[in-house]
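The file entry04.txt contains compact mmCIF, C-alpha atoms:
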# COMPACT_ATOMS: atom_id res chain seq x y z
CA MET A 102 -19.54 9.55 5.89
CA SER A 103 -17.21 6.73 6.85
CA ARG A 104 -14.78 5.88 4.08
CA SER A 105 -14.42 2.17 4.65
CA ALA A 106 -14.43 -1.10 2.75
CA SER A 107 -14.48 -4.81 3.45
CA ILE A 108 -12.89 -7.16 0.93
CA HIS A 109 -12.95 -10.95 0.75
CA ARG A 110 -10.66 -12.27 -1.97
CA LYS A 111 -10.63 -16.05 -2.30
CA THR A 112 -8.74 -18.01 -4.93
CA LYS A 113 -7.32 -21.54 -5.07
CA GLU A 114 -4.07 -20.03 -3.74
CA THR A 115 -5.18 -17.52 -1.10
CA ASP A 116 -8.06 -16.56 1.18
CA ILE A 117 -7.88 -12.91 2.24
CA ARG A 118 -10.27 -10.94 4.40
CA LEU A 119 -9.64 -7.30 5.18
CA ARG A 120 -11.41 -4.28 6.54
CA LEU A 121 -10.11 -0.78 5.89
CA LEU A 122 -11.09 2.55 7.42
CA ILE A 123 -9.30 5.37 5.62
CA ASP A 124 -10.02 8.00 8.28
CA GLY A 125 -8.82 5.85 11.16
CA ARG A 126 -6.28 6.13 13.94
CA GLY A 127 -3.56 3.84 12.64
CA LYS A 128 -4.81 0.72 14.40
CA SER A 129 -4.08 -2.64 12.83
CA LYS A 130 -4.46 -6.35 13.30
CA ILE A 131 -2.48 -8.17 10.62
CA SER A 132 -1.77 -11.84 9.97
CA THR A 133 -0.30 -13.07 6.67
CA GLY A 134 1.99 -15.87 7.85
CA ILE A 135 5.02 -13.75 6.86
CA ARG A 136 6.16 -11.82 9.92
CA PHE A 137 8.26 -9.16 8.18
CA PHE A 138 5.38 -8.48 5.79
CA ASP A 139 3.01 -8.17 8.78
CA HIS A 140 5.39 -5.62 10.30
CA MET A 141 5.45 -3.56 7.08
CA LEU A 142 1.64 -3.57 6.90
CA GLU A 143 1.37 -2.59 10.57
CA LEU A 144 3.61 0.44 10.07
CA PHE A 145 1.77 1.22 6.82
CA ALA A 146 -1.48 1.50 8.80
CA ARG A 147 0.16 3.57 11.55
CA HIS A 148 1.88 6.06 9.24
CA GLY A 149 -1.17 6.41 7.00
CA GLY A 150 -3.59 6.82 9.90
CA PHE A 151 -5.60 3.93 8.44
CA ASP A 152 -7.38 1.29 10.51
CA LEU A 153 -6.63 -2.06 8.91
CA LYS A 154 -7.71 -5.53 9.88
CA LEU A 155 -6.28 -8.19 7.57
CA LYS A 156 -6.04 -11.96 7.67
CA ALA A 157 -4.45 -13.79 4.76
CA VAL A 158 -4.11 -17.54 4.45
CA GLY A 159 -2.06 -18.58 1.45
CA ASP A 160 -0.11 -21.47 -0.02
CA LEU A 161 3.13 -20.52 1.69
CA ASP A 162 4.29 -24.12 1.30
CA VAL A 163 4.53 -23.38 -2.43
CA ASP A 164 5.93 -19.83 -2.26
CA GLN A 165 5.16 -16.42 -0.74
CA HIS A 166 4.32 -14.85 -4.10
CA HIS A 167 0.57 -15.55 -4.19
CA THR A 168 0.02 -14.27 -0.66
CA VAL A 169 2.02 -11.06 -1.04
CA GLU A 170 0.63 -10.14 -4.46
CA ASP A 171 -2.98 -10.97 -3.54
CA VAL A 172 -2.75 -8.90 -0.34
CA GLY A 173 -1.61 -5.98 -2.51
CA ILE A 174 -4.53 -6.48 -4.90
CA ALA A 175 -7.07 -6.77 -2.07
CA LEU A 176 -5.71 -3.70 -0.28
CA GLY A 177 -5.83 -1.71 -3.52
CA GLU A 178 -9.43 -2.84 -4.11
CA ALA A 179 -10.31 -1.70 -0.59
CA PHE A 180 -8.96 1.81 -1.23
CA HIS A 181 -10.74 1.95 -4.59
CA SER A 182 -14.03 0.96 -2.95
CA ALA A 183 -13.65 3.19 0.14
CA LEU A 184 -12.87 6.29 -1.94
CA GLY A 185 -16.09 5.93 -3.91
CA ASP A 186 -16.41 8.49 -6.71
CA LYS A 187 -13.32 10.35 -5.39
CA ARG A 188 -15.07 13.72 -5.29
CA GLY A 189 -13.23 16.22 -3.12
CA ILE A 190 -10.02 14.23 -2.60
CA LEU A 191 -6.59 15.56 -3.46
CA ARG A 192 -6.14 12.44 -5.63
CA ALA A 193 -2.33 12.60 -5.76
CA GLY A 194 0.27 12.63 -3.02
CA TYR A 195 3.98 12.21 -2.50
CA PHE A 196 6.35 11.85 0.42
CA LEU A 197 10.09 11.65 1.09
CA MET A 198 10.81 9.33 4.03
CA PRO A 199 14.14 9.24 5.83
CA MET A 200 14.85 5.98 7.64
CA ASP A 201 18.20 6.50 9.36
CA GLU A 202 20.80 6.28 6.56
CA THR A 203 18.14 5.52 3.92
CA LEU A 204 15.90 7.86 1.95
CA GLY A 205 12.80 6.59 0.17
CA VAL A 206 10.32 8.44 -2.02
CA ALA A 207 6.73 7.59 -2.93
CA ALA A 208 4.26 9.22 -5.30
CA VAL A 209 0.67 8.03 -5.77
CA ASP A 210 -2.16 9.13 -8.05
CA PHE A 211 -5.68 7.66 -7.94
CA SER A 212 -5.94 8.29 -11.68
CA GLY A 213 -8.17 5.36 -12.58
CA ARG A 214 -5.25 3.80 -14.45
CA ALA A 215 -2.90 1.17 -13.05
CA ALA A 216 0.84 1.75 -13.32
CA ALA A 217 3.69 0.80 -10.99
CA VAL A 218 7.36 1.73 -11.12
CA ILE A 219 9.33 0.34 -8.18
CA ASP A 220 13.05 0.48 -7.37
CA THR A 221 13.86 -0.93 -3.93
CA ARG A 222 17.64 -1.18 -4.43
CA VAL A 223 17.42 -4.38 -2.37
CA ARG A 224 19.76 -7.05 -3.72
CA THR A 225 19.44 -9.76 -1.07
CA ARG A 226 17.00 -12.67 -1.45
CA LEU A 227 15.44 -12.32 2.00
CA VAL A 228 14.79 -9.46 4.38
CA GLY A 229 13.63 -11.05 7.60
CA ASP A 230 11.42 -13.90 6.39
CA LEU A 231 10.14 -11.99 3.32
CA GLN A 232 11.35 -12.76 -0.20
CA SER A 233 12.50 -9.24 -1.06
CA GLU A 234 11.64 -9.37 -4.77
CA LEU A 235 7.97 -9.65 -3.76
CA VAL A 236 7.91 -6.06 -2.47
CA HIS A 237 7.56 -5.08 -6.14
CA ASP A 238 4.69 -7.56 -6.61
CA PHE A 239 2.83 -6.17 -3.58
CA PHE A 240 2.93 -2.59 -4.83
CA GLU A 241 2.13 -3.63 -8.40
CA GLY A 242 -0.86 -5.59 -7.09
CA PHE A 243 -1.98 -2.55 -5.12
CA ALA A 244 -1.76 -0.36 -8.23
CA ARG A 245 -3.95 -2.82 -10.18
CA GLY A 246 -6.50 -3.17 -7.38
CA ALA A 247 -6.69 0.58 -6.68
CA ARG A 248 -6.44 1.61 -10.36
CA ALA A 249 -3.70 3.95 -9.30
CA ASN A 250 -0.24 5.08 -10.33
CA VAL A 251 2.34 3.98 -7.75
CA HIS A 252 5.94 5.16 -8.01
CA LEU A 253 8.43 4.14 -5.30
CA ARG A 254 12.17 4.50 -5.18
CA VAL A 255 14.95 4.19 -2.66
CA LEU A 256 17.31 7.06 -3.40
CA TYR A 257 20.11 5.68 -1.23
CA GLY A 258 20.72 3.53 1.82
CA ARG A 259 22.71 0.67 3.31
CA SER A 260 20.31 -1.50 5.32
CA ASN A 261 17.92 -3.61 3.23
CA HIS A 262 15.47 -3.59 6.15
CA HIS A 263 15.53 0.21 6.16
CA LYS A 264 15.07 0.40 2.39
CA ILE A 265 11.85 -1.60 2.45
CA GLU A 266 10.61 0.12 5.60
CA ALA A 267 11.26 3.58 4.14
CA LEU A 268 9.18 2.67 1.08
CA PHE A 269 6.22 1.36 3.09
CA LYS A 270 6.24 4.45 5.31
CA ALA A 271 6.60 6.86 2.38
CA PHE A 272 3.81 5.01 0.55
CA ALA A 273 1.48 5.26 3.55
CA ARG A 274 2.08 8.97 3.94
CA ALA A 275 1.69 9.64 0.20
CA LEU A 276 -1.61 7.74 0.28
CA ARG A 277 -2.72 9.74 3.30
CA VAL A 278 -2.25 12.94 1.31
CA ALA A 279 -3.89 11.54 -1.85
CA CYS A 280 -6.95 10.41 0.15
CA SER A 281 -7.25 13.73 1.98
CA ARG A 282 -10.31 15.84 1.35
CA ASP A 283 -9.99 19.39 0.08
CA ARG A 284 -12.83 21.46 1.60
CA ARG A 285 -12.69 24.01 -1.23
CA LEU A 286 -13.20 21.29 -3.84
CA LYS A 287 -15.50 18.97 -1.89
CA LYS A 288 -18.04 18.54 -4.70
CA MET A 289 -15.52 18.51 -7.52
CA LEU A 290 -14.09 15.44 -9.19
CA PRO A 291 -10.30 15.89 -9.34
CA SER A 292 -10.17 15.41 -13.11
CA THR A 293 -11.01 17.48 -16.18
CA LYS A 294 -12.28 14.31 -17.89
CA GLY A 295 -15.30 13.99 -15.63
CA LEU A 296 -14.37 10.39 -14.80
CA LEU A 297 -11.75 8.65 -12.67
Please go through the file and, once you have read it, give me the structure as C-alpha cells.
Amino acid sequence: MSRSASIHRKTKETDIRLRLLIDGRGKSKISTGIRFFDHMLELFARHGGFDLKLKAVGDLDVDQHHTVEDVGIALGEAFHSALGDKRGILRAGYFLMPMDETLGVAAVDFSGRAAAVIDTRVRTRLVGDLQSELVHDFFEGFARGARANVHLRVLYGRSNHHKIEALFKAFARALRVACSRDRRLKKMLPSTKGLL
C-alpha cells in the first residue's frame, strides 16, 4: 500500500497544499516564498527519500512566522495521516549528521504525543532570507501535527547555514528510519499500550 497523504491547510494567514509520499525517491517541488526554507525542505525530501510537493502562500508582508510554523504543522499532519495505524513501523529513529565542520543530531519518535526540544546554536537573525529563530517553530509545528517527539541539537559548528542544514538532513534521515517497516513485526503496533 502507498503511504501517502494530501493536506490542505487554510487559515486567514496561510494557504498550504502539500502531497507526501513516504516511500518515494526524494523528489520535491517546493514553494513557500522563502528561498532558504525551500532549500531546506528540498534537501529534507532528498535525504528522507520522501516525495514532497508543497505550495505555501502566507502573509510574508507581516512576518515569516505564520508560513514557517504552518508548513511544519501541515507536514507533520501529512506524516501522521500517511502512517495510518503505525503497525509494523520502527516508530523511533535517530541520526548524527556531519555537515563539514558542523555536527547535528536528530531523534524522532511517533509516540502519539507532541514534544519538541530544539537547540540550533544559531545566534544570527537571518540565515539566507530565513528568520533563523523560526527553525524552532517549524520543528515544533511538525511535532504537534505528527503527534511526535522531535529532539534536534547542533553539537558544534561554525557556519550558521551548516547548522540549520545539518539539522534538516539529520531530521530527514531519523524520520526515514522511524517510518521504516520491520518485516518481523509487520502486524504489531510498536507500543505495549495498544494505542499510538
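For Thr112 of chain A, the residues within 12 Å (counting all atoms listed in the file, excluding itself and residues fewer than 2 positions away along the chain) are His109, Arg110, Glu114, Thr115, Asp116, Ile117, Arg118, Ala157, Val158, Gly159, Asp160, His167, Thr168, Asp171, Val172 and Ala175 of chain A.
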Check: In terms of the shortest atom-to-atom distance over only C-alpha atoms, which of A:Leu161, A:Leu119, A:Leu184, A:Ile265 is closest to Thr225 of chain A?
Finding: A:Ile265
Next item on the list: Pull the neighbourhood of (0.2, 2.5, 6.6) for me: all residues within 12 Å in file coordinates, counting all atoms listed in the file, as JSON, numbers by chain.
Entry: {"A": [121, 122, 123, 124, 125, 126, 127, 128, 129, 131, 139, 140, 141, 142, 143, 144, 145, 146, 147, 148, 149, 150, 151, 152, 153, 154, 176, 266, 267, 268, 269, 270, 271, 272, 273, 274, 275, 276, 277, 278]}
Notebook entry, point to check: With all atoms listed in the file as the basis for distance, which of A:Gly213, A:Gly134, A:Gly229, A:Gly242 is at the shortest distance from Asp186 of chain A?
Noted result: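 Among the listed residues, A:Gly213 lies closest to Asp186 of chain A.
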Next item on the list: Go ahead and compute the interatomic distance for atom CA of Thr221 of chain A and atom CA of Lys264 of chain A, in Å to one decimal.
Entry: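 One can read the atom CA of Thr221 of chain A to atom CA of Lys264 of chain A distance as 6.6 Å.
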Next item on the list: Kindly give the distance, in Å, that separates atom CA of Gly194 of chain A and atom CA of Val236 of chain A, rounded to a single decimal.
Entry: 20.2 Å
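Shortest separation to Arg192 of chain A among A:Ile135, A:Val255, A:Met102, A:Ala249 occurs at residue A:Ala249, atoms counted being only C-alpha atoms.
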Next item on the list: Counting only C-alpha atoms, figure out which residue out of A:Glu170, A:Asp210, A:Glu178, A:Asp238 gets nearest to Ala193 of chain A.
Entry: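 The answer is A:Asp210, which sits nearest to Ala193 of chain A.
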Check: Which residue out of A:Lys156, A:Arg104, A:Lys130, A:Lys187 has the minimum interatomic distance to Ala279 of chain A when all atoms listed in the file are used?
Finding: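 Distance minimum relative to Ala279 of chain A lands on A:Lys187.
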Could you please fill out segment 148-169 of chain A with N, CA, C and O atoms and send it back as an mmCIF file, in the coordinates of the input?
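See rebuild21.cif below for the written result:
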data_model
loop_
_atom_site.group_PDB
_atom_site.id
_atom_site.type_symbol
_atom_site.label_atom_id
_atom_site.label_comp_id
_atom_site.auth_asym_id
_atom_site.auth_seq_id
_atom_site.Cartn_x
_atom_site.Cartn_y
_atom_site.Cartn_z
ATOM 1 N N HIS A 148 1.416 4.831 9.883
ATOM 2 C CA HIS A 148 1.880 6.060 9.240
ATOM 3 C C HIS A 148 0.820 6.679 8.334
ATOM 4 O O HIS A 148 0.838 7.887 8.099
ATOM 5 N N GLY A 149 -0.094 5.871 7.828
ATOM 6 C CA GLY A 149 -1.170 6.410 7.000
ATOM 7 C C GLY A 149 -2.352 6.894 7.804
ATOM 8 O O GLY A 149 -3.225 7.588 7.281
ATOM 9 N N GLY A 150 -2.416 6.501 9.098
ATOM 10 C CA GLY A 150 -3.590 6.820 9.900
ATOM 11 C C GLY A 150 -4.792 5.998 9.482
ATOM 12 O O GLY A 150 -5.941 6.396 9.683
ATOM 13 N N PHE A 151 -4.534 4.820 8.888
ATOM 14 C CA PHE A 151 -5.600 3.930 8.440
ATOM 15 C C PHE A 151 -5.844 2.853 9.491
ATOM 16 O O PHE A 151 -4.888 2.351 10.094
ATOM 17 N N ASP A 152 -7.088 2.475 9.703
ATOM 18 C CA ASP A 152 -7.380 1.290 10.510
ATOM 19 C C ASP A 152 -7.469 0.116 9.540
ATOM 20 O O ASP A 152 -8.201 0.175 8.541
ATOM 21 N N LEU A 153 -6.709 -0.930 9.827
ATOM 22 C CA LEU A 153 -6.630 -2.060 8.910
ATOM 23 C C LEU A 153 -6.661 -3.364 9.678
ATOM 24 O O LEU A 153 -5.829 -3.604 10.547
ATOM 25 N N LYS A 154 -7.632 -4.179 9.348
ATOM 26 C CA LYS A 154 -7.710 -5.530 9.880
ATOM 27 C C LYS A 154 -7.571 -6.467 8.690
ATOM 28 O O LYS A 154 -8.347 -6.365 7.728
ATOM 29 N N LEU A 155 -6.567 -7.345 8.728
ATOM 30 C CA LEU A 155 -6.280 -8.190 7.570
ATOM 31 C C LEU A 155 -5.826 -9.575 8.012
ATOM 32 O O LEU A 155 -4.946 -9.705 8.847
ATOM 33 N N LYS A 156 -6.465 -10.576 7.448
ATOM 34 C CA LYS A 156 -6.040 -11.960 7.670
ATOM 35 C C LYS A 156 -5.905 -12.622 6.313
ATOM 36 O O LYS A 156 -6.855 -12.652 5.531
ATOM 37 N N ALA A 157 -4.717 -13.114 6.024
ATOM 38 C CA ALA A 157 -4.450 -13.790 4.760
ATOM 39 C C ALA A 157 -3.933 -15.193 5.034
ATOM 40 O O ALA A 157 -3.000 -15.379 5.816
ATOM 41 N N VAL A 158 -4.561 -16.155 4.408
ATOM 42 C CA VAL A 158 -4.110 -17.540 4.450
ATOM 43 C C VAL A 158 -3.756 -17.927 3.020
ATOM 44 O O VAL A 158 -4.612 -17.872 2.133
ATOM 45 N N GLY A 159 -2.488 -18.262 2.811
ATOM 46 C CA GLY A 159 -2.060 -18.580 1.450
ATOM 47 C C GLY A 159 -1.214 -19.833 1.402
ATOM 48 O O GLY A 159 -0.865 -20.415 2.431
ATOM 49 N N ASP A 160 -0.890 -20.244 0.192
ATOM 50 C CA ASP A 160 -0.110 -21.470 -0.020
ATOM 51 C C ASP A 160 1.387 -21.196 0.168
ATOM 52 O O ASP A 160 2.179 -21.322 -0.760
ATOM 53 N N LEU A 161 1.743 -20.847 1.387
ATOM 54 C CA LEU A 161 3.130 -20.520 1.690
ATOM 55 C C LEU A 161 4.058 -21.719 1.540
ATOM 56 O O LEU A 161 5.280 -21.561 1.433
ATOM 57 N N ASP A 162 3.485 -22.923 1.533
ATOM 58 C CA ASP A 162 4.290 -24.120 1.300
ATOM 59 C C ASP A 162 4.789 -24.176 -0.146
ATOM 60 O O ASP A 162 5.789 -24.817 -0.448
ATOM 61 N N VAL A 163 4.097 -23.474 -1.036
ATOM 62 C CA VAL A 163 4.530 -23.380 -2.430
ATOM 63 C C VAL A 163 5.533 -22.242 -2.577
ATOM 64 O O VAL A 163 6.645 -22.421 -3.073
ATOM 65 N N ASP A 164 5.123 -21.036 -2.115
ATOM 66 C CA ASP A 164 5.930 -19.830 -2.260
ATOM 67 C C ASP A 164 5.170 -18.697 -1.586
ATOM 68 O O ASP A 164 3.969 -18.821 -1.329
ATOM 69 N N GLN A 165 5.829 -17.580 -1.339
ATOM 70 C CA GLN A 165 5.160 -16.420 -0.740
ATOM 71 C C GLN A 165 4.469 -15.539 -1.786
ATOM 72 O O GLN A 165 3.673 -14.672 -1.426
ATOM 73 N N HIS A 166 4.768 -15.761 -3.048
ATOM 74 C CA HIS A 166 4.320 -14.850 -4.100
ATOM 75 C C HIS A 166 2.811 -14.622 -4.107
ATOM 76 O O HIS A 166 2.349 -13.476 -4.136
ATOM 77 N N HIS A 167 2.022 -15.697 -4.093
ATOM 78 C CA HIS A 167 0.570 -15.550 -4.190
ATOM 79 C C HIS A 167 0.014 -14.726 -3.034
ATOM 80 O O HIS A 167 -0.848 -13.867 -3.224
ATOM 81 N N THR A 168 0.511 -14.989 -1.834
ATOM 82 C CA THR A 168 0.020 -14.270 -0.660
ATOM 83 C C THR A 168 0.342 -12.787 -0.740
ATOM 84 O O THR A 168 -0.532 -11.931 -0.549
ATOM 85 N N VAL A 169 1.594 -12.462 -1.034
ATOM 86 C CA VAL A 169 2.020 -11.060 -1.040
ATOM 87 C C VAL A 169 1.316 -10.285 -2.158
ATOM 88 O O VAL A 169 0.777 -9.195 -1.929
#
